[in-house]
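K.L.:
Pasting in a structure now, in structure tokens, and then I'll have a few things to ask.
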Amino acid sequence: DFFATVATKSDSGALRGDYSQADANYVVAQNWDTYYTPEQHALWRRLYARQAKLIPGRACDVFIDSLKALDVSQGIPRFDRTTEALYKATGWQLVAVPGLVPDHTFFEHLANRRFPVTVWLREEHEFDYIVEPDVFHDFFGHVPLLFNPIFADHLQEYGKGGLKALKLDGLAYLARLYWYTIEFGLIRSEQGLRIYGAGILSSGGEVEYCLSSDQPRRVPFQVERIMRTQYKIDSYQETYFVIDDFEQLFNDTAPDFTPLYERLKQQDALPANTLLAGETDLPPNR
Ligand code: PHE
Ligand code: FE
């Protein structure tokens, strides 16, 4: 996952996870049969049960439908089984990684339709909150959306865009885009706002908060606006950006970002709680 640049890295700079067996692309074997303990599978079941209860009427349809089809309520999933179904649906594969990977590696995977999933599961004391992405965040939060063809195409384009941004010194801006869409994005539906962002969908408290609280702003999606906006990594978001549909996400990010990055470099960043003049603050769901 890309919380890499985007968020965490522990204070010591040390990464959690065993990188000694990783290949040049940071891929490891999941070793599902031997790696996970019964206690870890039990913890996954409890994480799953809590989250699954929260999402009806709150997550977008594709998330709910795909999650159900994945059938992973009973324990930490086998990545190879999911890959079989996923590859048929959208041509994506899951690869196991020890944890956070370098930005370049992360983008290379996405650009080749491979989604890196952290192998290890959080510990009991991290049930409600974890700093680094673990298998629950990566799998439960991100994988269901990969079954949507447009989202799947978008994420590949994002990966290519990441490789390009590295050369253009645009990573900070592209990270904001990832944060406010892939991790914390909202989407309109006929029944009201719905969640598609993995950071929300794998979180116990933010699922309800992002849709119903009066606190945060909910602003229509706009690429340049997002790229100017700072974000919070250690609290609920102060602003959510709302897409009309995945086509909008795909189409609005398709133009060449080169001139955009140049423009952004000349501008100051906006604080996370900004509401610009003329900008709509969409009402919460009731
Ligand atoms: N269009 C972007 C560019 O030219 C690449 C990109 C696509 C970035 C999709 C994010 C998402 O750099
Ligand atoms: Fe993530």
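In the structure tokens, the first chain shown is A, the next is B, and so on; residue numbers restart at 1 for each chain, and ligands run from 1 in the order shown.
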Check which residues of stretch 125-224 of chain A sit at most 10 Å from stretch 16-20 of chain A using only C-alpha atoms, and return one row each with the closest pair of atoms and their distance in Å to one decimal, ordered by chain and rising number, as a tab-separated table.

P.N.:
```
residue	atom	partner	partner_atom	distance
A:Glu132	CA	A:Arg16	CA	8.2
A:Pro133	CA	A:Arg16	CA	10.0
A:Asp134	CA	A:Arg16	CA	9.7
```

K.L.:
Any residue with an atom at most 12 Å from ligand 2 counts, using only C-alpha atoms and all ligand atoms. Which are they? Put them as JSON, numbers by chain.

P.N.:
{"A": [1, 2, 3, 4, 5, 6, 7, 8, 99, 100, 106, 115, 116, 117, 118, 130, 131, 132, 133, 134, 135, 136, 137, 138, 139, 140, 141, 142, 143, 145, 175, 178, 179, 180, 181, 182, 183, 184, 185, 196, 197, 198, 199, 200, 201, 202, 203]}

K.L.:
For A:Leu47, please output as a PyMOL selection string all residues within 9 Å (counting only C-alpha atoms; exclusion window: fewer than 2 positions along the same chain).

P.N.:
chain A and resi 42-45+49-52+127-128+136+202+204

K.L.:
Taking C-alpha atoms for each residue, export the selection above as a CSV table (one decimal), in the first residue's frame.

P.N.:
```csv
chain,number,residue,atom,x,y,z
A,42,ALA,CA,-9.9,-15.5,14.9
A,43,LEU,CA,-8.8,-11.9,15.1
A,44,TRP,CA,-9.5,-11.5,11.4
A,45,ARG,CA,-13.0,-12.9,11.9
A,49,ALA,CA,-17.6,-9.1,11.5
A,50,ARG,CA,-17.4,-5.6,13.0
A,51,GLN,CA,-16.7,-4.0,9.6
A,52,ALA,CA,-19.2,-6.0,7.7
A,127,PHE,CA,-7.9,-3.7,16.8
A,128,ASP,CA,-9.4,-0.2,16.5
A,136,PHE,CA,-6.9,-6.4,7.0
A,202,SER,CA,-11.3,-0.6,7.1
A,204,GLY,CA,-14.2,1.1,12.8
```

K.L.:
Would you tabulate, counting only C-alpha atoms and all ligand atoms, all residues of chain A that have an atom at most 7 Å from an atom of ligand 1, showing the closest pair of atoms and their distance in Å to one decimal, sorted by chain then ascending number, as CSV?

P.N.:
```
residue,atom,partner,partner_atom_place_in_ligand_line,distance
A:His154,CA,ligand 1,9 (C),5.7
A:Leu155,CA,ligand 1,11 (C),6.8
A:Glu157,CA,ligand 1,7 (C),4.4
A:Tyr158,CA,ligand 1,11 (C),3.6
A:Lys160,CA,ligand 1,5 (C),6.3
A:Gly161,CA,ligand 1,5 (C),3.5
A:Gly162,CA,ligand 1,8 (C),6.5
A:Lys164,CA,ligand 1,12 (O),6.0
A:Ala165,CA,ligand 1,12 (O),6.2
A:Leu174,CA,ligand 1,10 (C),6.7
A:Phe250,CA,ligand 1,9 (C),6.5
A:Thr253,CA,ligand 1,9 (C),4.6
A:Ala254,CA,ligand 1,1 (N),4.1
A:Pro255,CA,ligand 1,1 (N),4.6
A:Asp256,CA,ligand 1,4 (O),3.3
A:Phe257,CA,ligand 1,4 (O),4.1
A:Thr258,CA,ligand 1,12 (O),6.3
```

K.L.:
As a ChimeraX atom specification, list the residues of stretch 30-243 of chain A assigned to helix (DSSP H, G or I) by DSSP on the backbone atoms of this structure.

P.N.:
/A:32-35,38-54,61-70,79-90,103-111,124-126,135-147,149-168,171-183,198-201,206-212,223-227

K.L.:
Please determine, counting only C-alpha atoms, which residue among A:Val219, A:Val62, A:Leu121, A:Val207 has the shortest atom-to-atom distance to A:Asn273.

P.N.:
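Using only C-alpha atoms, A:Asn273 sits closest to A:Val219.
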
K.L.:
Any chance you could list, as a PDB file with C-alpha atoms, in the first residue's frame, the residues in stretch 86-231 of chain A that come up strand (DSSP E) when DSSP is run on the backbone?

P.N.:
```pdb
ATOM      1  CA  GLN A  93      -3.411 -10.038  -9.371  1.00  0.00           C
ATOM      2  CA  LEU A  94      -2.581  -9.820  -5.694  1.00  0.00           C
ATOM      3  CA  VAL A  95       1.024 -10.109  -4.585  1.00  0.00           C
ATOM      4  CA  ALA A  96       2.136 -10.592  -0.994  1.00  0.00           C
ATOM      5  CA  VAL A  97       4.577  -8.046   0.438  1.00  0.00           C
ATOM      6  CA  ARG A 114      -0.567  -6.174  -9.383  1.00  0.00           C
ATOM      7  CA  PHE A 115      -1.871  -5.043  -6.014  1.00  0.00           C
ATOM      8  CA  PRO A 116       0.587  -5.475  -3.127  1.00  0.00           C
ATOM      9  CA  VAL A 117      -1.049  -6.829   0.012  1.00  0.00           C
ATOM     10  CA  THR A 118       0.786  -6.857   3.341  1.00  0.00           C
ATOM     11  CA  LEU A 186     -16.817   9.260  -1.131  1.00  0.00           C
ATOM     12  CA  ILE A 187     -19.118   8.655  -4.090  1.00  0.00           C
ATOM     13  CA  ARG A 188     -22.649   9.771  -4.848  1.00  0.00           C
ATOM     14  CA  SER A 189     -25.469   7.272  -5.221  1.00  0.00           C
ATOM     15  CA  GLY A 192     -27.096   9.410  -0.821  1.00  0.00           C
ATOM     16  CA  LEU A 193     -23.356   9.461  -0.207  1.00  0.00           C
ATOM     17  CA  ARG A 194     -21.457   6.190  -0.143  1.00  0.00           C
ATOM     18  CA  ILE A 195     -17.868   5.249   0.708  1.00  0.00           C
ATOM     19  CA  ARG A 217     -16.648  19.137   4.852  1.00  0.00           C
ATOM     20  CA  ARG A 218     -17.806  17.113   1.843  1.00  0.00           C
ATOM     21  CA  VAL A 219     -16.742  18.776  -1.354  1.00  0.00           C
ATOM     22  CA  PRO A 220     -17.237  17.806  -4.987  1.00  0.00           C
TER      23      PRO A 220
END
```

K.L.:
Mind pulling up the distance from atom CA of A:Leu270 to atom CA of A:Arg225?

P.N.:
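Between atom CA of A:Arg225 and atom CA of A:Leu270 the gap is 8.6 Å.
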
K.L.:
In Å, rounded to a single decimal, give me how far atom CA of A:Trp32 is from atom CA of A:Pro149.

P.N.:
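Between atom CA of A:Pro149 and atom CA of A:Trp32 the gap works out to 27.9 Å.
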
K.L.:
Which residue, A:Glu190, A:Glu108, A:Glu262, A:Asp65, has the smallest gap to A:Glu224 when you use only C-alpha atoms?

P.N.:
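When distances to A:Glu224 are compared using only C-alpha atoms, the smallest one comes from A:Glu262.
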
K.L.:
How many Å separate atom CA of A:Arg113 from atom CA of A:Ala89?

P.N.:
12.2 Å

K.L.:
Name the closest residue to A:Lys167 among the candidates A:Glu84, A:Ser66, A:Lys53, A:His104; distances are taken between atoms, counting only C-alpha atoms.

P.N.:
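That would be A:His104, the residue with the smallest distance to A:Lys167.
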
K.L.:
Quick one: everything within 10 Å of A:Asp252, counting only C-alpha atoms, minus sequence neighbours fewer than 6 positions away in the same chain. Send it as a ChimeraX atom specification.

P.N.:
/A:221-224,246

K.L.:
Selection from above, C-alpha atoms, as a PDB file, in the first residue's frame, can you write it?

P.N.:
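Heads up, here's the output in result21.pdb:
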```pdb
ATOM      1  CA  PHE A 221     -14.155  16.088  -6.439  1.00  0.00           C
ATOM      2  CA  GLN A 222     -11.743  18.332  -8.266  1.00  0.00           C
ATOM      3  CA  VAL A 223      -8.230  17.183  -9.101  1.00  0.00           C
ATOM      4  CA  GLU A 224      -6.286  20.407  -8.706  1.00  0.00           C
ATOM      5  CA  PHE A 246     -15.759   6.025 -11.232  1.00  0.00           C
TER       6      PHE A 246
END
```
